[in-house]
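Student: Sharing a structure here in C-alpha cells format.
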Amino acid sequence: MVRITAEWALWGKRAGTADGDDVLACSDGQFDREDFGEIIARYTPGAPANLPRVTISWVNGHGDTPHVGMAVQEWSAERDGMGRDIALTRYFCLPYAQLARGPVAYEALYRALGHRTPPAAGLLTADVAALDVEEATGRADQTAMGAAALLLTGDPVCVVNAEGVPMPARLRFLDTVAALLPYGLRSRLTLSTWTDSASRHRIKLSFARHAPEGAHVIGWGEPARVAQAPETVRRYHDLLADHPRLGDLVARFARDTAPRSLRSPDIAELDDPPSGGGSGSAPPQTLGGLLLACADGIDEGDTRRVARCVSRLGSLPRTGDAAERDVLRQIVRDRRILVTARSLDPALEERLYPVVLDLAYGPEPTVEDFEDLRGNADHWLSPGLATALSRMAVTDPAVTLRLAAYLPPGGLAKVLAPLPTGDLVAAAVREPLDRQALNVMCAELSVRGDDPAGRPAVHAALRRHGYAVAAVHWLHPGDPEGQIRRFHGLLAAAHGPVVEARVVAEDFPAQPDPAYLPLLAALAALCSPDARRELTESVLAGMLRRAGISEETVGRALSGTPRGGEEAPAAPAGNGRRFGLLDRRRSQA
C-alpha cells in the first residue's frame, strides 16, 4: 500500500442559479481556487455524457514538480435555475512522485478516492494498492496493445463502439494501455472514460461515440490498424504482441518511473525492448557501465542509445551509499556528461538530468555537492540542468540561493517563495560566500521590501547579520561607491524610503568600524532630518572616542556645553546643526 496526500476541488454549478460552472470549494494547498479552475477547464472532456466518468490529467506544481489529477464527474441531486440536472466534478491532485512509489494504477486510485467526500478543510489522505503486474499483463489484448503503440504518434487515440461498457471496465482498459508503456509517461498522460465527440479537448486516450478529426480510431474489442502507422508504432506494436515474456516487459515498464513525455526522442527509444535490442553485445547491467555507455552515446550522437541507457539507469537497483555515488560522480566528471549533454535534444536532455543527478548527487545535495556539480558543468548550469536540480529534495537554503541564479524568473520565484527571509539572509552570508547567491539575496530582499508588510522581516534578518557588511565588502572589494549602492538597496528593503532616528539609535554602533562607513553613507541618504542628526552625532562620538577623548569631553561636545559651564557661542547664521558640520559639508559639495 502507498500512502498518498491529495489536494482537491469541487466543480459545478450552484443549485437554483443561472451561474456557469465554477470552483465551489477547494483545499488550502499549493493550488488555489483560480489554479483549480484553470486546470479543470483545461482538461475538460466536454459536455456531460455517459456519467459517471473519470478523467486523468497532469499539471506542474511548485518548482515544476509533476502532479497527476483525477476528475470524477457524476450527476448530483441538485438542479440549476432552469431546472436542469447539475453535474458535479470532484477533482483530486497529487504529486506524481507519490504514485511512482507504488507504482499506483489508475483503477486503484479511483477505488481509493473516487467515492470520497473531500474534508471541510485541509488535504485528503488515502492508502492505495500498488500496481498488480500479473493482472495488468493478463488484460493486455490486441486492442490495448494497439492503443499503446498508437499513443507514440502523439496524436489522440479514440476507442469507439463501447457505449454499453460500464465505466469501471473502461477505466480498467485505460489502465491496461498505460501499463504497456513506461510508467514515467503517466506524469504527462491524459485519459478519459468518455469524451464529447463535438468538443475540442486535450485528452490523448479516451472513449467516445465518434472519434474527433485527426484521432486514431480503434473499435472496442478489435485489433488496432497499425499497418499504415509510422515505423516506430509498428515496431512497438510488434514488440508487445510478439514478446515471449510480456509479464517481464510490463514489470520493467513499472520500474521505469522517471518522468517522461511522448515527444521525440523518447519515442525513438521505446521501440526497443528494455531488456536489450539493437546490435552488438548485451548492454551493461551495472550503474557504472550504463553511465559510461550513456556517455559514449552522447559523444557519438547516438540518441537512441542514450535514451535506452537513461531508461535502464532509472530502473536498476542501487545501494544509494556514498561509495556508489562517488564512483558515479567520478564518471560524470571524467566524461563531462553535464557539459556534453547540452548537445542532446531538449526532451532527452530533460530525461537525462534527473537520473544522473539522483545517481551522483542525490538524494539531498549539499553546498559541497552543488559546487562539485557546478564545476563539473564548467561553472554554468543549463536551463534543463537547473530545472532538474530544482526538483530534487533541496533542503539547504544555501543550495537554493546558488541554484536560483540559474533559473528563469518563474522558476526562481517558485524556489525562493517558500524560503523565510531570515533563512534567506543567513544562507547568503554564510561562508563560503558566493557572488551569485548574494546577488539573488539582494534582489529577493528588494522584492520583499516593496511590500511594507515584508519590511520588518527584512529588517530583522539584516540586523541579525550586521547588515551583511562583510559580505558586501567581499562582493565589491575596493569599490566604496559600489558598496554604497548595494547598502542603499538593502536599507530601502528593510526600512522603505525613509529611515527614522529610532532605527539609527538602535541598529548602528556609536563606534563604527571603518568597514561600516559605506553603510553609513548609504544610511545618511535615506535618513529623516532627526535620524541624520542622530547619525552625525553617533559618528562624531565614535571619532572622538577613538582619538582618546574622555567621555566627559565627548558628552560636552555632543551637548554643545563648553568647559566650566560657560554659555556656548552662537552658531553661525544658517547653521542648523551642531558645530556647523553639515553646512560645511554642503558648502564643499
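By order of appearance in the C-alpha cells: chains A, B, ..., then residues from 1 within every chain, and ligands from 1 in the order shown.
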Name the residues in contact with region 511-528 of chain A at a cut-off of 8 Å, using only C-alpha atoms, excluding same-chain residues fewer than 2 positions from it; report them as a ChimeraX atom specification.
Tutor: /A:469-470,473,480-481,483-485,487-488,491-492,497-501,508-509,530-532,535,538-539,541-543,545-546
Student: Name all residues at most 10 Å from Ala198 (chain A) (count only C-alpha atoms; drop same-chain ones fewer than 6 positions away) and give them as a PyMOL selection string.
Tutor: chain A and resi 46-47+208-213
Student: Hey, what's within 9 Å of region 113-130 of chain A if we count only C-alpha atoms and toss same-chain stuff fewer than 6 positions away? As a list in words, please?
Tutor: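 Selected residues are Met1, Val2, Arg3, Ile4, Thr5, Ala6, Glu7, Trp8, Ala9, Leu10, Ala25, Cys26, Ser27, Asp28, Gly29, Val54, Met70, Ala71, Val72, Arg90, Phe92, Leu99, Arg101, Gly102, Pro103, Val104 and Ala105 of chain A.
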Student: Quick one: distance from CA of Ala295 (chain A) to CA of Asp345 (chain A) in Å, one decimal?
Tutor: 14.8 Å
Student: Please identify all polymer residues within 10 Å of Arg335 (chain A), counting only C-alpha atoms, omitting same-chain residues fewer than 3 positions from it, and present them as a list in words.
Tutor: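 So, after excluding close chain neighbours, the residues are Leu291, Leu292, Cys294, Ala295, Asp296, Ile298, Asp299, Arg329, Gln330, Ile331, Val332, Leu338, Val339, Thr340 and Asn376 of chain A.
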Student: When DSSP works through the backbone of this structure, what residues of region 28-173 of chain A end up as strand (DSSP E or B), shown as a PyMOL selection string?
Tutor: chain A and resi 53-60+66-79+85-95+104+124-128+130+157-160
